[in-house]
Structure formats: C-alpha cells, structure tokens
2 protein chains.
Amino acid sequence: MGLTKTEIFTEEQNQIAQWAKVLGHPARIAILQHLFKTDACICGDLVDVIGLAQPTISQHLKELKKVGIIQGTIEGTSVCYCINQKGWHQMQTALSGFMDLTQGPKDCC
Amino acid sequence: MGLTKTEIFTEEQNQIAQWAKVLGHPARIAILQHLFKTDACICGDLVDVIGLAQPTISQHLKELKKVGIIQGTIEGTSVCYCINQKGWHQMQTALSGFMDLTQGPKDCC
DNA sequence: TCCTTTAATCGTAATATTGCAATATATAAT
DNA sequence: ATTATATATTGCAATATTACGATTAAAGGA
C-alpha cells in the first residue's frame with residue numbers, strides 16, 4: 001500500500017517515528033551538520049556544499065522545517081536557514097529518551 | 001527518482017541516516033518498545049500486540065535485524081526476538097552524538 | 001524599467017516503502 | 001506419516017520518496 005497505518009499507534013510512537021524519519025536521509029543529515037558548523041545561518045551555500053540540485057535541497061529544507069527543527073528567514077533575495085533550538089531540543093529529548101529504554105543488559109534468548 | 005545518492009555523502013552521514021530511517025516507522029518503534037517492556041524476548045506476540053498482519057511484522061523485524069539493533073533465535077517452532085545490546089548502543093552513541101552538536105543557543109537570523 | 005540573483009513550486013520519472021493474501025518452510029505434536 | 005503451529009518469503013497493489021528540469025515569484029541593482 002505504501003501508506004502507514006498511523007491510527008493504530010500512539011501519538012508518541014508516531015511523533016518519534018516522524019522525527020526519526022526526517023533524519024533518515026543523508027542529505028538532511030549533511031544539511032543539519034552544515035547549519036551547526038557554520039553556526040550562523042546559510043542557504044544557497046547548501047546547494048554548493050552538498051552536491052544536489054537546488055530544487056532537491058529546497059525540498060529537504062521544507063521537510064526539516066515541517067517538523068520544526070529548522071527555521072528560515074527571508075533576507076533580501078536569499079533565505080537564511082538555521083536550527084530551531086526549541087524544536088531541536090524537543091526532538092533530542094524524545095529520541096534520546098526512547099533510546100535510553102535500555103536498562104542494563106537484560107539477557108536474551 | 002526515488003533512489004538516494006549515497007555516493008556523495010560521507011559514511012558517517014549515511015550510517016546515521018540509515019539508523020534514523022529504520023526508526024522512522026511507528027510500527028518499528030512499537031516493536032522495539034515492546035521488546036524492551038517484556039524484557040525477555042517475544043515474537044508472534046507482536047502480531048497481536050501491534051495491529052498488523054504477520055507478514056508485515058515479519059518484514060519490519062527483518063529491517064530491524066538488518067541494521068543490527070535486534071536479533072532473533074529460533075526456538076522450536078517460534079523465533080525469539082530481542083534487542084541486540086551491542087548494535088543498539090552503537091546506534092545510540094551515533095544518534096545521540098549527532099543530536100548533541102548543539103553547543104549553546106547560538107543566535108540566528 | 002529591465003535584468004540578475006535566489007529560492008520556491010510544479011511536473012514528472014524512477015525507485016522505495018508499506019501492507020497483505022497466498023504460499024512455502026520448518027519444527028512439534030499426535 | 002499427518003496435522004498443527006509459527007514464521008519467512010513471494011507477489012502484488014497503493015502510495016511515498018528522491019531527484020531534477022522547467023518555471024515562477026520576489027527582491028536588488030543597473
């Protein structure tokens with residue numbers, strides 16, 4: 001089918017999955033790493049730094065924005081992107097929390 | 001196209017993305033949560049607990065196994081699944097490390 | 001005003017993912 | 001041997017994702 005049955009899962013499960021999903025592409029990882037490295041915000045630079053076409057980068061940025069972990073402000077003819085601190089920390093808390101479920105090395109089958 | 005240009009990214013970026021991707025579906029989140037909760041290992045229970053068909057669960061388990069965060073051992077007619085501690089911690093370290101890039105609330109545009 | 005620059009959007013092709021019915025496989029039990 | 005149980009695999013339909021060329025929109029500079 002190709003469509004996820006979100007109705008049968010909890011909101012938490014869907015949220016975690018959605019955040020993880022957006023991190024599930026190397027281009028978006030690269031974009032985020034570059035936003036961190038340059039500290040300040042950038043934009044069309046991403047097209048040069050990463051080797052993808054402008055529409056493709058734009059599309060990835062849109063998805064990152066949709067889940068609230070980056071933000072963009074129009075600045076003249078260009079758009080300045082940067083990490084959305086609040087959204088980022090929400091994601092970080094949720095994902096780290098999920099991965100911390102490990103309580104000691106419980107033995108296994 | 002539908003196919004990711006993995007060649008243009010670093011191995012680290014591809015690795016992080018691959019781990020995140022596998023967490024990017026609520027069914028897999030639910031499976032992992034259940035494996036943690038029941039501590040010991042389970043299997044066909046997952047089909048009952050989660051509301052998806054047996055082949056679908058089987059497929060999700062396969063993907064989780066492929067990235068090395070769970071493992072399964074045949075036990076009579078059933079298969080016992082559980083978290084692969086080593087693989088899990090590798091993922092945890094990588095993803096947490098990536099999300100920790102945040103060094104103080106650098107101001108933005 | 002016209003041109004340039006920058007980024008978003010549209011349209012489309014190729015491929016991937018999700019989900020399940022049907023089937024296959026493998027072990028246990030009778 | 002036959003049957004029951006549990007899981008994997010196959011095949012397929014519906015939808016999603018990735019990538020990009022072409023185009024549009026919007027602001028700055030000549």
# chains A, B, ... in the order shown; residues from 1 in each chain; ligands from 1

call {"tool": "closest_atom_pairs", "arguments": {"of": "chain D", "to": "chain A", "cutoff": "8 Å", "atoms": "only C-alpha atoms (C1' of nucleotides)", "output": "JSON lines"}}
result
{"residue": "D:DA13", "atom": "C1'", "partner": "A:Met1", "partner_atom": "CA", "distance": 6.3}
{"residue": "D:DA14", "atom": "C1'", "partner": "A:Met1", "partner_atom": "CA", "distance": 4.0}
{"residue": "D:DT15", "atom": "C1'", "partner": "A:Gly2", "partner_atom": "CA", "distance": 4.2}
{"residue": "D:DA16", "atom": "C1'", "partner": "A:Gly2", "partner_atom": "CA", "distance": 6.2}
{"residue": "D:DA19", "atom": "C1'", "partner": "A:Thr56", "partner_atom": "CA", "distance": 6.2}
{"residue": "D:DC20", "atom": "C1'", "partner": "A:Ala53", "partner_atom": "CA", "distance": 6.8}
{"residue": "D:DA26", "atom": "C1'", "partner": "A:Thr77", "partner_atom": "CA", "distance": 7.2}
{"residue": "D:DA27", "atom": "C1'", "partner": "A:Thr77", "partner_atom": "CA", "distance": 5.0}
{"residue": "D:DG28", "atom": "C1'", "partner": "A:Thr77", "partner_atom": "CA", "distance": 7.2}

call {"tool": "interface_residues", "arguments": {"of": "chain A", "to": "chain B", "cutoff": "7 Å", "atoms": "only C-alpha atoms", "output": "short mmCIF file (atom, residue, chain, number, x, y, z; two decimals) with C-alpha atoms, in the first residue's frame"}}
result
data_model
loop_
_atom_site.label_atom_id
_atom_site.label_comp_id
_atom_site.auth_asym_id
_atom_site.auth_seq_id
_atom_site.Cartn_x
_atom_site.Cartn_y
_atom_site.Cartn_z
CA ILE A 8 -3.17 2.11 15.29
CA PHE A 9 -0.18 3.68 17.04
CA GLN A 13 5.12 6.45 18.63
CA ASN A 14 4.08 8.47 15.62
CA ALA A 17 8.92 7.94 14.10
CA GLN A 18 8.29 11.23 12.33
CA ALA A 20 13.50 9.81 13.10
CA LYS A 21 12.17 9.65 9.57
CA LEU A 23 16.73 12.32 9.99
CA GLY A 24 16.63 9.26 7.78
CA HIS A 25 18.27 10.78 4.74
CA PRO A 26 21.98 11.61 4.40
CA ILE A 29 21.99 14.97 7.98
CA ALA A 30 24.52 16.89 5.88
CA PHE A 36 25.69 23.60 13.01
CA ASP A 39 26.80 28.35 13.35
CA ALA A 40 25.13 31.25 11.68
CA CYS A 41 22.57 30.57 9.03
CA GLY A 51 26.12 18.01 -4.34
CA THR A 73 14.02 33.92 7.44
CA CYS A 80 18.65 32.35 5.89
CA CYS A 82 19.20 27.88 10.96
CA GLN A 85 16.64 25.49 19.11
CA GLN A 92 16.56 15.43 21.07
CA SER A 96 17.32 10.22 23.37
CA MET A 99 16.91 5.11 23.01
CA LEU A 101 14.96 2.48 27.38
CA PRO A 105 21.98 -5.72 29.66
CA LYS A 106 18.95 -7.93 30.19
CA CYS A 108 18.20 -12.67 25.89
CA CYS A 109 17.17 -15.85 24.19
#

call {"tool": "interface_residues", "arguments": {"of": "chain C", "to": "chain B", "cutoff": "7 Å", "atoms": "only C-alpha atoms (C1' of nucleotides)", "output": "ChimeraX atom specification"}}
result
/C:13-16,19-20,27

call {"tool": "select_by_dssp", "arguments": {"residues": "chain B", "states": "alpha helix (DSSP H)", "output": "ChimeraX atom specification"}}
result
/B:11-22,26-37,45-49,54-66,85-99

call {"tool": "closest_residue", "arguments": {"among": "A:Gln90, A:Lys65, A:Asp48, A:Gly97", "to": "His34 of chain A", "atoms": "only C-alpha atoms"}}
result
A:Asp48

call {"tool": "select_by_dssp", "arguments": {"residues": "chain B", "states": "strand (DSSP E or B)", "output": "ChimeraX atom specification"}}
result
/B:42,70-75,78-83

call {"tool": "write_last_selection", "arguments": {"atoms": "C-alpha atoms", "output": "PDB file, in the first residue's frame"}}
result
ATOM      1  CA  ILE B  42       8.983 -12.411  22.209  1.00  0.00           C
ATOM      2  CA  ILE B  70      17.669  -6.666  17.226  1.00  0.00           C
ATOM      3  CA  GLN B  71      18.427 -10.338  16.922  1.00  0.00           C
ATOM      4  CA  GLY B  72      16.341 -13.465  16.643  1.00  0.00           C
ATOM      5  CA  THR B  73      16.948 -17.017  17.737  1.00  0.00           C
ATOM      6  CA  ILE B  74      14.966 -19.973  16.586  1.00  0.00           C
ATOM      7  CA  GLU B  75      13.311 -21.710  19.486  1.00  0.00           C
ATOM      8  CA  SER B  78       8.869 -19.968  17.069  1.00  0.00           C
ATOM      9  CA  VAL B  79      11.534 -17.294  16.876  1.00  0.00           C
ATOM     10  CA  CYS B  80      12.594 -15.305  19.876  1.00  0.00           C
ATOM     11  CA  TYR B  81      13.497 -11.697  19.180  1.00  0.00           C
ATOM     12  CA  CYS B  82      15.335  -9.302  21.408  1.00  0.00           C
ATOM     13  CA  ILE B  83      17.420  -6.156  21.419  1.00  0.00           C
TER      14      ILE B  83
END

call {"tool": "atom_distance", "arguments": {"atom1": "atom C1' of DG11 of chain D", "atom2": "atom CA of Glu63 of chain B"}}
result
19.1 Å

call {"tool": "residues_around", "arguments": {"residues": "DT25 of chain C", "least_positions_apart": "5", "cutoff": "12 Å", "atoms": "only C-alpha atoms (C1' of nucleotides)", "output": "MDAnalysis selection string"}}
result
(chainID B and resid 77) or (chainID D and resid 6:9)

call {"tool": "atom_distance", "arguments": {"atom1": "atom CA of Val47 of chain A", "atom2": "atom CA of Leu61 of chain A"}}
result
11.1 Å

call {"tool": "atom_distance", "arguments": {"atom1": "atom C1' of DC3 of chain C", "atom2": "atom C1' of DA25 of chain D"}}
result
15.0 Å
